[in-house]
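Each remark here refers to the structure printed beneath this line.
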Amino acid sequence: MAMPTHHSPEAFRPDWMSPPGDSIADLLEEHGWNQTSFAERMEYTEKHVSLLINGKAALSEETAFKLEKVTGITAGFWLTREAQYREAVGRVEEEKSLANESEWLKELPVRHMLDHHWIDRYSDAGAQVAECLRFFGVASPNAWRTSYRGPVAAFRASKSFSIDPAATSTWLRQGERQAAGIDTQPFDKAAFKASLTLIRSLASEANPDVFVPKLIESCAVVGVAVVFAAAPKGCPVSGATKWLSPSKALLMLSLRHKTNDHLWFSFFHEAGHLILHGKRMMFIDGDGALDDEQEDEANRFARDVLIPPSHSAALSNLLKTEDDVVRFANAVGIAPGVVVGRMQKEGLLEWNTRLNHLKEKYRFKVAESEE
């Protein structure tokens, strides 16, 4: 059976199953044998030969070796045909059973998963359930509920929106899948912290095509897999961190806010979790699991990396003009949009300030390629 092709409008699903008996029947016709003479050559009854041809009797190893001697075609061929047929029969039966679980799909952001090509599309309900189970790497919807209803991560989420655990788990799972394709060195906290100086300089780069590969590469060599993935509705997160193993961390960015002040604050906030907090983080912001102290620590970490405390006084006294903001940004080596964002957070500028045009609004091909 052909494997599904990812990113296809409808993954290939043959609606036929061909038992090994079809190949036996073709050989009988080719050699001009009837079932009686073939049964004599095989030392089987005509009834058993009929059952083989109709796929009602399993093709055993003994039969495969007999076929090899009678037909000249290897036993391996016959055993492979039998295995493929039985797999196809089993898959059809399983998907009939899974069709009864199709209500589970309503819990998932299936439309988002399809639109971003995280899963393939199937017209058959059972096949679509099976595809979603493969996405999560679980055997059943019940196994999904046990494993994924409470994702293990530390989130920075908007408290203005409710969090849908299913949507959030789906987003996080996509991060795990993408991170699996990123080769990383073992996590080195000191090296990661040291690398943030170079990474900070990327915040002044306006083109994601330039800074995204550098960001991913810089983090991979210190044990952090950086992933960009658009968050589905019900997952109002900016970023997340999760330990995939003791030596590999996942740092996800959702692209919920595409301006440079939001993106880089989110990145350094998540980096702060990896550097300041333990490797057994099981937190989700908004349900009380992530305490204020840890969240505040990550916020301060991001704030101080982007604009060091030694410049705080100058920032507080900064005139609210474009020239002064740009001059200050150049002096501290950061993008003016990041300065504007910081001033807004601290109440030094209104959120609707005319200086918002200094913020870079990114277009991420790394995310658009999914769409």
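Identifiers for the structure tokens are assigned positionally: chains receive A, B, ... in sequence, residues are indexed from 1 per chain, and ligands are indexed from 1 in the order shown.
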(request) Pick out the residues sitting within 10 Å of range 340-348 of chain A, and hand them over as a ChimeraX atom specification; count only C-alpha atoms, and ignore anything fewer than 4 positions along from it in its own chain. (result) /A:259-262,265,303,306-307,315-320,322,325-326,329,335-336,352-353,355-359
Can I get the selection written as a PDB file, in the first residue's frame, with N, CA and C atoms?
```
ATOM      1  N   THR A 259       5.678  41.698  15.344  1.00  0.00           N
ATOM      2  CA  THR A 259       6.588  42.834  15.410  1.00  0.00           C
ATOM      3  C   THR A 259       7.831  42.457  16.208  1.00  0.00           C
ATOM      4  N   ASN A 260       8.927  43.172  15.916  1.00  0.00           N
ATOM      5  CA  ASN A 260      10.204  42.763  16.508  1.00  0.00           C
ATOM      6  C   ASN A 260      10.252  42.911  18.022  1.00  0.00           C
ATOM      7  N   ASP A 261       9.536  43.890  18.583  1.00  0.00           N
ATOM      8  CA  ASP A 261       9.577  44.017  20.039  1.00  0.00           C
ATOM      9  C   ASP A 261       8.941  42.818  20.717  1.00  0.00           C
ATOM     10  N   HIS A 262       7.804  42.345  20.180  1.00  0.00           N
ATOM     11  CA  HIS A 262       7.146  41.177  20.762  1.00  0.00           C
ATOM     12  C   HIS A 262       7.962  39.914  20.551  1.00  0.00           C
ATOM     13  N   PHE A 265      11.237  39.869  22.698  1.00  0.00           N
ATOM     14  CA  PHE A 265      10.940  39.731  24.124  1.00  0.00           C
ATOM     15  C   PHE A 265      10.493  38.304  24.421  1.00  0.00           C
ATOM     16  N   ARG A 303      13.942  41.542  29.665  1.00  0.00           N
ATOM     17  CA  ARG A 303      14.081  43.000  29.691  1.00  0.00           C
ATOM     18  C   ARG A 303      15.535  43.424  29.771  1.00  0.00           C
ATOM     19  N   LEU A 306      17.728  42.621  26.557  1.00  0.00           N
ATOM     20  CA  LEU A 306      17.463  43.513  25.421  1.00  0.00           C
ATOM     21  C   LEU A 306      17.982  44.927  25.682  1.00  0.00           C
ATOM     22  N   ILE A 307      17.702  45.456  26.863  1.00  0.00           N
ATOM     23  CA  ILE A 307      18.223  46.781  27.234  1.00  0.00           C
ATOM     24  C   ILE A 307      18.810  46.653  28.635  1.00  0.00           C
ATOM     25  N   LEU A 315      16.940  55.575  29.586  1.00  0.00           N
ATOM     26  CA  LEU A 315      15.672  55.251  28.930  1.00  0.00           C
ATOM     27  C   LEU A 315      14.525  56.021  29.582  1.00  0.00           C
ATOM     28  N   SER A 316      14.531  56.097  30.892  1.00  0.00           N
ATOM     29  CA  SER A 316      13.445  56.780  31.616  1.00  0.00           C
ATOM     30  C   SER A 316      13.413  58.275  31.295  1.00  0.00           C
ATOM     31  N   ASN A 317      14.577  58.846  31.017  1.00  0.00           N
ATOM     32  CA  ASN A 317      14.655  60.284  30.738  1.00  0.00           C
ATOM     33  C   ASN A 317      14.613  60.600  29.248  1.00  0.00           C
ATOM     34  N   LEU A 318      14.390  59.586  28.436  1.00  0.00           N
ATOM     35  CA  LEU A 318      14.431  59.768  26.989  1.00  0.00           C
ATOM     36  C   LEU A 318      13.257  60.628  26.516  1.00  0.00           C
ATOM     37  N   LEU A 319      13.548  61.557  25.629  1.00  0.00           N
ATOM     38  CA  LEU A 319      12.479  62.353  25.029  1.00  0.00           C
ATOM     39  C   LEU A 319      11.666  61.481  24.078  1.00  0.00           C
ATOM     40  N   LYS A 320      10.394  61.784  23.976  1.00  0.00           N
ATOM     41  CA  LYS A 320       9.499  60.945  23.173  1.00  0.00           C
ATOM     42  C   LYS A 320       9.501  61.393  21.711  1.00  0.00           C
ATOM     43  N   GLU A 322      11.251  60.661  17.708  1.00  0.00           N
ATOM     44  CA  GLU A 322      11.850  59.599  16.891  1.00  0.00           C
ATOM     45  C   GLU A 322      13.364  59.696  16.890  1.00  0.00           C
ATOM     46  N   VAL A 325      14.772  58.330  20.207  1.00  0.00           N
ATOM     47  CA  VAL A 325      14.619  56.877  20.326  1.00  0.00           C
ATOM     48  C   VAL A 325      15.626  56.165  19.440  1.00  0.00           C
ATOM     49  N   VAL A 326      15.793  56.647  18.210  1.00  0.00           N
ATOM     50  CA  VAL A 326      16.756  56.024  17.291  1.00  0.00           C
ATOM     51  C   VAL A 326      18.174  56.202  17.808  1.00  0.00           C
ATOM     52  N   ALA A 329      18.651  53.799  20.677  1.00  0.00           N
ATOM     53  CA  ALA A 329      18.732  52.424  20.179  1.00  0.00           C
ATOM     54  C   ALA A 329      20.106  52.145  19.585  1.00  0.00           C
ATOM     55  N   ALA A 335      17.375  47.364  18.065  1.00  0.00           N
ATOM     56  CA  ALA A 335      16.453  47.963  17.098  1.00  0.00           C
ATOM     57  C   ALA A 335      15.563  49.002  17.775  1.00  0.00           C
ATOM     58  N   PRO A 336      15.285  50.102  17.108  1.00  0.00           N
ATOM     59  CA  PRO A 336      14.418  51.134  17.704  1.00  0.00           C
ATOM     60  C   PRO A 336      13.046  50.594  18.106  1.00  0.00           C
ATOM     61  N   ASN A 352      -0.705  53.532  21.493  1.00  0.00           N
ATOM     62  CA  ASN A 352      -1.037  53.998  20.145  1.00  0.00           C
ATOM     63  C   ASN A 352      -0.120  55.123  19.687  1.00  0.00           C
ATOM     64  N   THR A 353       1.074  55.161  20.201  1.00  0.00           N
ATOM     65  CA  THR A 353       2.026  56.215  19.858  1.00  0.00           C
ATOM     66  C   THR A 353       2.347  56.222  18.366  1.00  0.00           C
ATOM     67  N   LEU A 355       5.095  56.525  17.253  1.00  0.00           N
ATOM     68  CA  LEU A 355       6.407  55.882  17.083  1.00  0.00           C
ATOM     69  C   LEU A 355       6.287  54.382  16.810  1.00  0.00           C
ATOM     70  N   ASN A 356       5.068  53.876  16.775  1.00  0.00           N
ATOM     71  CA  ASN A 356       4.893  52.448  16.471  1.00  0.00           C
ATOM     72  C   ASN A 356       5.450  52.074  15.106  1.00  0.00           C
ATOM     73  N   HIS A 357       5.588  53.056  14.222  1.00  0.00           N
ATOM     74  CA  HIS A 357       6.124  52.740  12.898  1.00  0.00           C
ATOM     75  C   HIS A 357       7.593  52.323  12.953  1.00  0.00           C
ATOM     76  N   LEU A 358       8.232  52.569  14.088  1.00  0.00           N
ATOM     77  CA  LEU A 358       9.625  52.133  14.243  1.00  0.00           C
ATOM     78  C   LEU A 358       9.733  50.624  14.469  1.00  0.00           C
ATOM     79  N   LYS A 359       8.629  50.009  14.810  1.00  0.00           N
ATOM     80  CA  LYS A 359       8.641  48.563  15.008  1.00  0.00           C
ATOM     81  C   LYS A 359       8.679  47.860  13.645  1.00  0.00           C
TER      82      LYS A 359
END
```
(message) Applying 7 Å and only C-alpha atoms, which residues near range 162-179 of chain A remain after dropping the ones on its own chain fewer than 5 positions away? List them as a ChimeraX atom specification.
(response) /A:107-109,136,148-151,225,227,229,231-236,250,252
(message) Just the number, please: distance in Å from CA of Gly333 in chain A to CA of Phe267 in chain A, one decimal.
(response) 17.4 Å
(message) For a test of reading the model, state the distance in Å between CA of Glu350 in chain A and CA of Gly337 in chain A, rounded to one decimal.
(response)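 Between CA of Glu350 in chain A and CA of Gly337 in chain A the gap works out to 13.8 Å.
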(request) Please identify all polymer residues within 10 Å of range 74-86 of chain A, counting only C-alpha atoms, omitting same-chain residues fewer than 3 positions from it, and present them as a ChimeraX atom specification. (result) /A:1,17-21,23-24,55,58-69,71,89-92
Neighbours of range 189-203 of chain A within 10 Å (only C-alpha atoms; same-chain residues fewer than 2 positions away dropped), as a PDB file with N, CA, C and O atoms, in the first residue's frame?
```pdb
ATOM      1  N   PRO A 186      24.537  18.597  22.906  1.00  0.00           N
ATOM      2  CA  PRO A 186      23.983  18.523  24.271  1.00  0.00           C
ATOM      3  C   PRO A 186      23.845  19.919  24.891  1.00  0.00           C
ATOM      4  O   PRO A 186      24.696  20.783  24.675  1.00  0.00           O
ATOM      5  N   PHE A 187      22.772  20.107  25.637  1.00  0.00           N
ATOM      6  CA  PHE A 187      22.506  21.414  26.221  1.00  0.00           C
ATOM      7  C   PHE A 187      23.636  21.842  27.142  1.00  0.00           C
ATOM      8  O   PHE A 187      24.099  21.089  28.001  1.00  0.00           O
ATOM      9  N   GLU A 205      18.261  43.006  12.915  1.00  0.00           N
ATOM     10  CA  GLU A 205      18.102  42.577  11.525  1.00  0.00           C
ATOM     11  C   GLU A 205      16.613  42.557  11.173  1.00  0.00           C
ATOM     12  O   GLU A 205      15.811  41.926  11.863  1.00  0.00           O
ATOM     13  N   ALA A 206      16.246  43.242  10.088  1.00  0.00           N
ATOM     14  CA  ALA A 206      14.835  43.370   9.734  1.00  0.00           C
ATOM     15  C   ALA A 206      14.300  42.199   8.926  1.00  0.00           C
ATOM     16  O   ALA A 206      13.085  42.012   8.851  1.00  0.00           O
ATOM     17  N   ASN A 207      15.173  41.406   8.344  1.00  0.00           N
ATOM     18  CA  ASN A 207      14.737  40.353   7.431  1.00  0.00           C
ATOM     19  C   ASN A 207      14.788  38.984   8.110  1.00  0.00           C
ATOM     20  O   ASN A 207      15.879  38.483   8.415  1.00  0.00           O
ATOM     21  N   PRO A 208      13.639  38.341   8.337  1.00  0.00           N
ATOM     22  CA  PRO A 208      13.643  37.007   8.955  1.00  0.00           C
ATOM     23  C   PRO A 208      14.440  35.974   8.165  1.00  0.00           C
ATOM     24  O   PRO A 208      14.975  35.033   8.745  1.00  0.00           O
ATOM     25  N   VAL A 210      17.181  36.310   7.036  1.00  0.00           N
ATOM     26  CA  VAL A 210      18.577  36.428   7.486  1.00  0.00           C
ATOM     27  C   VAL A 210      18.719  35.938   8.917  1.00  0.00           C
ATOM     28  O   VAL A 210      19.596  35.123   9.232  1.00  0.00           O
ATOM     29  N   PHE A 211      17.862  36.438   9.824  1.00  0.00           N
ATOM     30  CA  PHE A 211      18.113  36.134  11.234  1.00  0.00           C
ATOM     31  C   PHE A 211      17.575  34.783  11.688  1.00  0.00           C
ATOM     32  O   PHE A 211      18.113  34.185  12.619  1.00  0.00           O
ATOM     33  N   VAL A 212      16.519  34.255  11.047  1.00  0.00           N
ATOM     34  CA  VAL A 212      15.963  32.982  11.510  1.00  0.00           C
ATOM     35  C   VAL A 212      16.967  31.833  11.395  1.00  0.00           C
ATOM     36  O   VAL A 212      17.185  31.101  12.366  1.00  0.00           O
ATOM     37  N   LYS A 214      20.187  31.961  11.353  1.00  0.00           N
ATOM     38  CA  LYS A 214      21.273  32.210  12.312  1.00  0.00           C
ATOM     39  C   LYS A 214      20.818  31.918  13.739  1.00  0.00           C
ATOM     40  O   LYS A 214      21.587  31.372  14.544  1.00  0.00           O
ATOM     41  N   LEU A 215      19.583  32.295  14.046  1.00  0.00           N
ATOM     42  CA  LEU A 215      19.046  32.029  15.379  1.00  0.00           C
ATOM     43  C   LEU A 215      18.958  30.537  15.635  1.00  0.00           C
ATOM     44  O   LEU A 215      19.389  30.045  16.694  1.00  0.00           O
ATOM     45  N   ILE A 216      18.420  29.796  14.683  1.00  0.00           N
ATOM     46  CA  ILE A 216      18.279  28.351  14.843  1.00  0.00           C
ATOM     47  C   ILE A 216      19.640  27.688  14.990  1.00  0.00           C
ATOM     48  O   ILE A 216      19.843  26.831  15.862  1.00  0.00           O
ATOM     49  N   SER A 218      22.562  29.089  15.953  1.00  0.00           N
ATOM     50  CA  SER A 218      23.242  29.497  17.188  1.00  0.00           C
ATOM     51  C   SER A 218      22.716  28.739  18.399  1.00  0.00           C
ATOM     52  O   SER A 218      23.483  28.398  19.309  1.00  0.00           O
ATOM     53  N   CYS A 219      21.415  28.468  18.411  1.00  0.00           N
ATOM     54  CA  CYS A 219      20.824  27.764  19.547  1.00  0.00           C
ATOM     55  C   CYS A 219      21.065  26.257  19.465  1.00  0.00           C
ATOM     56  O   CYS A 219      21.235  25.592  20.495  1.00  0.00           O
ATOM     57  N   ALA A 220      21.088  25.710  18.253  1.00  0.00           N
ATOM     58  CA  ALA A 220      21.281  24.264  18.099  1.00  0.00           C
ATOM     59  C   ALA A 220      22.627  23.814  18.647  1.00  0.00           C
ATOM     60  O   ALA A 220      22.730  22.737  19.241  1.00  0.00           O
ATOM     61  N   VAL A 221      23.653  24.629  18.489  1.00  0.00           N
ATOM     62  CA  VAL A 221      24.990  24.210  18.928  1.00  0.00           C
ATOM     63  C   VAL A 221      25.122  24.219  20.447  1.00  0.00           C
ATOM     64  O   VAL A 221      26.089  23.688  20.981  1.00  0.00           O
ATOM     65  N   VAL A 222      24.141  24.804  21.148  1.00  0.00           N
ATOM     66  CA  VAL A 222      24.170  24.792  22.614  1.00  0.00           C
ATOM     67  C   VAL A 222      23.012  23.981  23.195  1.00  0.00           C
ATOM     68  O   VAL A 222      22.716  24.073  24.380  1.00  0.00           O
ATOM     69  N   GLY A 223      22.343  23.198  22.336  1.00  0.00           N
ATOM     70  CA  GLY A 223      21.350  22.255  22.843  1.00  0.00           C
ATOM     71  C   GLY A 223      19.918  22.720  22.852  1.00  0.00           C
ATOM     72  O   GLY A 223      19.073  22.096  23.502  1.00  0.00           O
ATOM     73  N   VAL A 224      19.606  23.799  22.113  1.00  0.00           N
ATOM     74  CA  VAL A 224      18.241  24.326  22.088  1.00  0.00           C
ATOM     75  C   VAL A 224      17.709  24.298  20.659  1.00  0.00           C
ATOM     76  O   VAL A 224      18.319  24.869  19.750  1.00  0.00           O
ATOM     77  N   ASN A 260       8.927  43.172  15.916  1.00  0.00           N
ATOM     78  CA  ASN A 260      10.204  42.763  16.508  1.00  0.00           C
ATOM     79  C   ASN A 260      10.252  42.911  18.022  1.00  0.00           C
ATOM     80  O   ASN A 260      10.910  42.120  18.711  1.00  0.00           O
ATOM     81  N   ASP A 261       9.536  43.890  18.583  1.00  0.00           N
ATOM     82  CA  ASP A 261       9.577  44.017  20.039  1.00  0.00           C
ATOM     83  C   ASP A 261       8.941  42.818  20.717  1.00  0.00           C
ATOM     84  O   ASP A 261       9.480  42.281  21.699  1.00  0.00           O
ATOM     85  N   LEU A 263       8.446  39.721  19.332  1.00  0.00           N
ATOM     86  CA  LEU A 263       9.140  38.466  19.036  1.00  0.00           C
ATOM     87  C   LEU A 263      10.390  38.299  19.888  1.00  0.00           C
ATOM     88  O   LEU A 263      10.611  37.236  20.479  1.00  0.00           O
ATOM     89  N   TRP A 264      11.206  39.343  19.973  1.00  0.00           N
ATOM     90  CA  TRP A 264      12.462  39.187  20.703  1.00  0.00           C
ATOM     91  C   TRP A 264      12.255  39.151  22.209  1.00  0.00           C
ATOM     92  O   TRP A 264      12.989  38.455  22.919  1.00  0.00           O
ATOM     93  N   PHE A 265      11.237  39.869  22.698  1.00  0.00           N
ATOM     94  CA  PHE A 265      10.940  39.731  24.124  1.00  0.00           C
ATOM     95  C   PHE A 265      10.493  38.304  24.421  1.00  0.00           C
ATOM     96  O   PHE A 265      10.911  37.709  25.422  1.00  0.00           O
ATOM     97  N   PHE A 267      11.293  35.572  22.749  1.00  0.00           N
ATOM     98  CA  PHE A 267      12.440  34.662  22.667  1.00  0.00           C
ATOM     99  C   PHE A 267      13.263  34.725  23.949  1.00  0.00           C
ATOM    100  O   PHE A 267      13.591  33.677  24.536  1.00  0.00           O
ATOM    101  N   PHE A 268      13.626  35.919  24.400  1.00  0.00           N
ATOM    102  CA  PHE A 268      14.497  36.018  25.577  1.00  0.00           C
ATOM    103  C   PHE A 268      13.756  35.647  26.857  1.00  0.00           C
ATOM    104  O   PHE A 268      14.374  35.178  27.822  1.00  0.00           O
ATOM    105  N   ALA A 271      14.080  31.964  26.761  1.00  0.00           N
ATOM    106  CA  ALA A 271      15.477  31.656  27.078  1.00  0.00           C
ATOM    107  C   ALA A 271      15.720  31.786  28.579  1.00  0.00           C
ATOM    108  O   ALA A 271      16.467  30.999  29.186  1.00  0.00           O
ATOM    109  N   GLY A 272      15.060  32.770  29.195  1.00  0.00           N
ATOM    110  CA  GLY A 272      15.192  32.941  30.636  1.00  0.00           C
ATOM    111  C   GLY A 272      14.695  31.735  31.403  1.00  0.00           C
ATOM    112  O   GLY A 272      15.307  31.318  32.404  1.00  0.00           O
ATOM    113  N   LEU A 274      14.794  28.653  30.393  1.00  0.00           N
ATOM    114  CA  LEU A 274      15.779  27.582  30.235  1.00  0.00           C
ATOM    115  C   LEU A 274      17.010  27.809  31.105  1.00  0.00           C
ATOM    116  O   LEU A 274      17.606  26.855  31.601  1.00  0.00           O
ATOM    117  N   ILE A 275      17.375  29.066  31.283  1.00  0.00           N
ATOM    118  CA  ILE A 275      18.588  29.375  32.039  1.00  0.00           C
ATOM    119  C   ILE A 275      18.314  29.463  33.545  1.00  0.00           C
ATOM    120  O   ILE A 275      19.115  28.974  34.357  1.00  0.00           O
ATOM    121  N   LEU A 276      17.186  30.025  33.917  1.00  0.00           N
ATOM    122  CA  LEU A 276      16.920  30.290  35.335  1.00  0.00           C
ATOM    123  C   LEU A 276      16.205  29.160  36.056  1.00  0.00           C
ATOM    124  O   LEU A 276      16.352  29.016  37.273  1.00  0.00           O
ATOM    125  N   VAL A 305      18.315  41.652  29.110  1.00  0.00           N
ATOM    126  CA  VAL A 305      19.156  41.259  27.982  1.00  0.00           C
ATOM    127  C   VAL A 305      18.977  42.250  26.832  1.00  0.00           C
ATOM    128  O   VAL A 305      19.946  42.692  26.214  1.00  0.00           O
ATOM    129  N   LEU A 306      17.728  42.621  26.557  1.00  0.00           N
ATOM    130  CA  LEU A 306      17.463  43.513  25.421  1.00  0.00           C
ATOM    131  C   LEU A 306      17.982  44.927  25.682  1.00  0.00           C
ATOM    132  O   LEU A 306      18.620  45.532  24.811  1.00  0.00           O
ATOM    133  N   ILE A 307      17.702  45.456  26.863  1.00  0.00           N
ATOM    134  CA  ILE A 307      18.223  46.781  27.234  1.00  0.00           C
ATOM    135  C   ILE A 307      18.810  46.653  28.635  1.00  0.00           C
ATOM    136  O   ILE A 307      18.068  46.579  29.626  1.00  0.00           O
ATOM    137  N   GLY A 333      22.771  49.405  20.839  1.00  0.00           N
ATOM    138  CA  GLY A 333      22.903  48.312  19.877  1.00  0.00           C
ATOM    139  C   GLY A 333      21.674  47.440  19.756  1.00  0.00           C
ATOM    140  O   GLY A 333      21.776  46.209  19.706  1.00  0.00           O
ATOM    141  N   ILE A 334      20.515  48.070  19.713  1.00  0.00           N
ATOM    142  CA  ILE A 334      19.268  47.313  19.599  1.00  0.00           C
ATOM    143  C   ILE A 334      18.355  48.034  18.611  1.00  0.00           C
ATOM    144  O   ILE A 334      18.542  49.226  18.328  1.00  0.00           O
ATOM    145  N   ALA A 335      17.375  47.364  18.065  1.00  0.00           N
ATOM    146  CA  ALA A 335      16.453  47.963  17.098  1.00  0.00           C
ATOM    147  C   ALA A 335      15.563  49.002  17.775  1.00  0.00           C
ATOM    148  O   ALA A 335      15.108  48.789  18.908  1.00  0.00           O
ATOM    149  N   PRO A 336      15.285  50.102  17.108  1.00  0.00           N
ATOM    150  CA  PRO A 336      14.418  51.134  17.704  1.00  0.00           C
ATOM    151  C   PRO A 336      13.046  50.594  18.106  1.00  0.00           C
ATOM    152  O   PRO A 336      12.490  51.036  19.124  1.00  0.00           O
ATOM    153  N   GLY A 337      12.502  49.655  17.344  1.00  0.00           N
ATOM    154  CA  GLY A 337      11.199  49.095  17.690  1.00  0.00           C
ATOM    155  C   GLY A 337      11.199  48.407  19.037  1.00  0.00           C
ATOM    156  O   GLY A 337      10.185  48.426  19.760  1.00  0.00           O
ATOM    157  N   VAL A 338      12.323  47.793  19.399  1.00  0.00           N
ATOM    158  CA  VAL A 338      12.438  47.150  20.707  1.00  0.00           C
ATOM    159  C   VAL A 338      12.413  48.205  21.809  1.00  0.00           C
ATOM    160  O   VAL A 338      11.813  47.996  22.872  1.00  0.00           O
ATOM    161  N   GLU A 360       9.550  46.896  13.529  1.00  0.00           N
ATOM    162  CA  GLU A 360       9.597  46.085  12.314  1.00  0.00           C
ATOM    163  C   GLU A 360       8.472  45.054  12.367  1.00  0.00           C
ATOM    164  O   GLU A 360       8.315  44.355  13.370  1.00  0.00           O
TER     165      GLU A 360
END
```
(message) Just list as a ChimeraX atom specification whatever in range 230-286 of chain A DSSP marks as helix (DSSP H, G or I).
(response) /A:260-276
(request) Name the closest residue to His269 in chain A among the candidates A:Lys242, A:Arg327, A:Arg300, A:Lys248; distances are taken between atoms, counting only C-alpha atoms. (result)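 Among the listed residues, A:Arg300 lies closest to His269 in chain A.
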(message) Using only C-alpha atoms, which protein or nucleic acid residues come within 10 Å of Ser50 in chain A? Drop anything in the same chain fewer than 4 positions from it, and give the result as a PyMOL selection string.
(response) chain A and resi 21+25+35-36+39+45-46+54-57
(request) Report the distance between CA of Arg354 in chain A and CA of His311 in chain A in Å, rounded to one decimal place. (result) 23.3 Å
(request) Apply DSSP to the structure's backbone, then extract all residues of range 17-199 of chain A labelled strand (DSSP E) and return them as JSON, numbers by chain. (result) {"A": [154, 155, 156, 157]}
(message) Under the rule that only C-alpha atoms are counted, which of A:Glu101, A:Glu217, A:Glu293, A:Asp188 is the nearest residue to Asn142 in chain A?
(response) A:Glu101
Write out as a PDB file with C-alpha atoms, in the first residue's frame each polymer residue whose atoms come within 10 Å of Ala127 in chain A, counting only C-alpha atoms; drop sequence neighbours fewer than 3 positions from it.
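Output file out08.pdb follows:
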```
ATOM      1  CA  ALA A  11      -3.665  11.519   0.772  1.00  0.00           C
ATOM      2  CA  ARG A  13      -5.994   5.790  -0.115  1.00  0.00           C
ATOM      3  CA  ARG A  91      -6.159  -1.146   8.287  1.00  0.00           C
ATOM      4  CA  VAL A  92      -9.639  -1.164   6.798  1.00  0.00           C
ATOM      5  CA  GLU A  94      -9.183  -0.501  12.206  1.00  0.00           C
ATOM      6  CA  GLU A  95     -10.413   2.570  10.362  1.00  0.00           C
ATOM      7  CA  LYS A  96     -13.971   1.268  10.484  1.00  0.00           C
ATOM      8  CA  LEU A  98     -11.883   4.459  14.466  1.00  0.00           C
ATOM      9  CA  ALA A  99     -14.788   6.035  12.578  1.00  0.00           C
ATOM     10  CA  SER A 102     -14.742  10.693  14.953  1.00  0.00           C
ATOM     11  CA  ASP A 120      -2.943  15.016   5.589  1.00  0.00           C
ATOM     12  CA  ARG A 121      -6.584  15.296   4.594  1.00  0.00           C
ATOM     13  CA  TYR A 122      -8.789  12.179   4.314  1.00  0.00           C
ATOM     14  CA  SER A 123     -12.413  12.019   3.278  1.00  0.00           C
ATOM     15  CA  ASP A 124     -12.951   8.891   5.391  1.00  0.00           C
ATOM     16  CA  ALA A 130      -5.889   7.569  12.358  1.00  0.00           C
ATOM     17  CA  GLU A 131      -3.945  10.459  10.793  1.00  0.00           C
ATOM     18  CA  CYS A 132      -4.454  12.618  13.899  1.00  0.00           C
ATOM     19  CA  LEU A 133      -3.369   9.742  16.138  1.00  0.00           C
TER      20      LEU A 133
END
```
(request) Return the single residue from A:Thr146, A:Asn100, A:Gln294, A:Ser266 that is closest to Gln128 in chain A, with distances computed using only C-alpha atoms. (result) A:Asn100
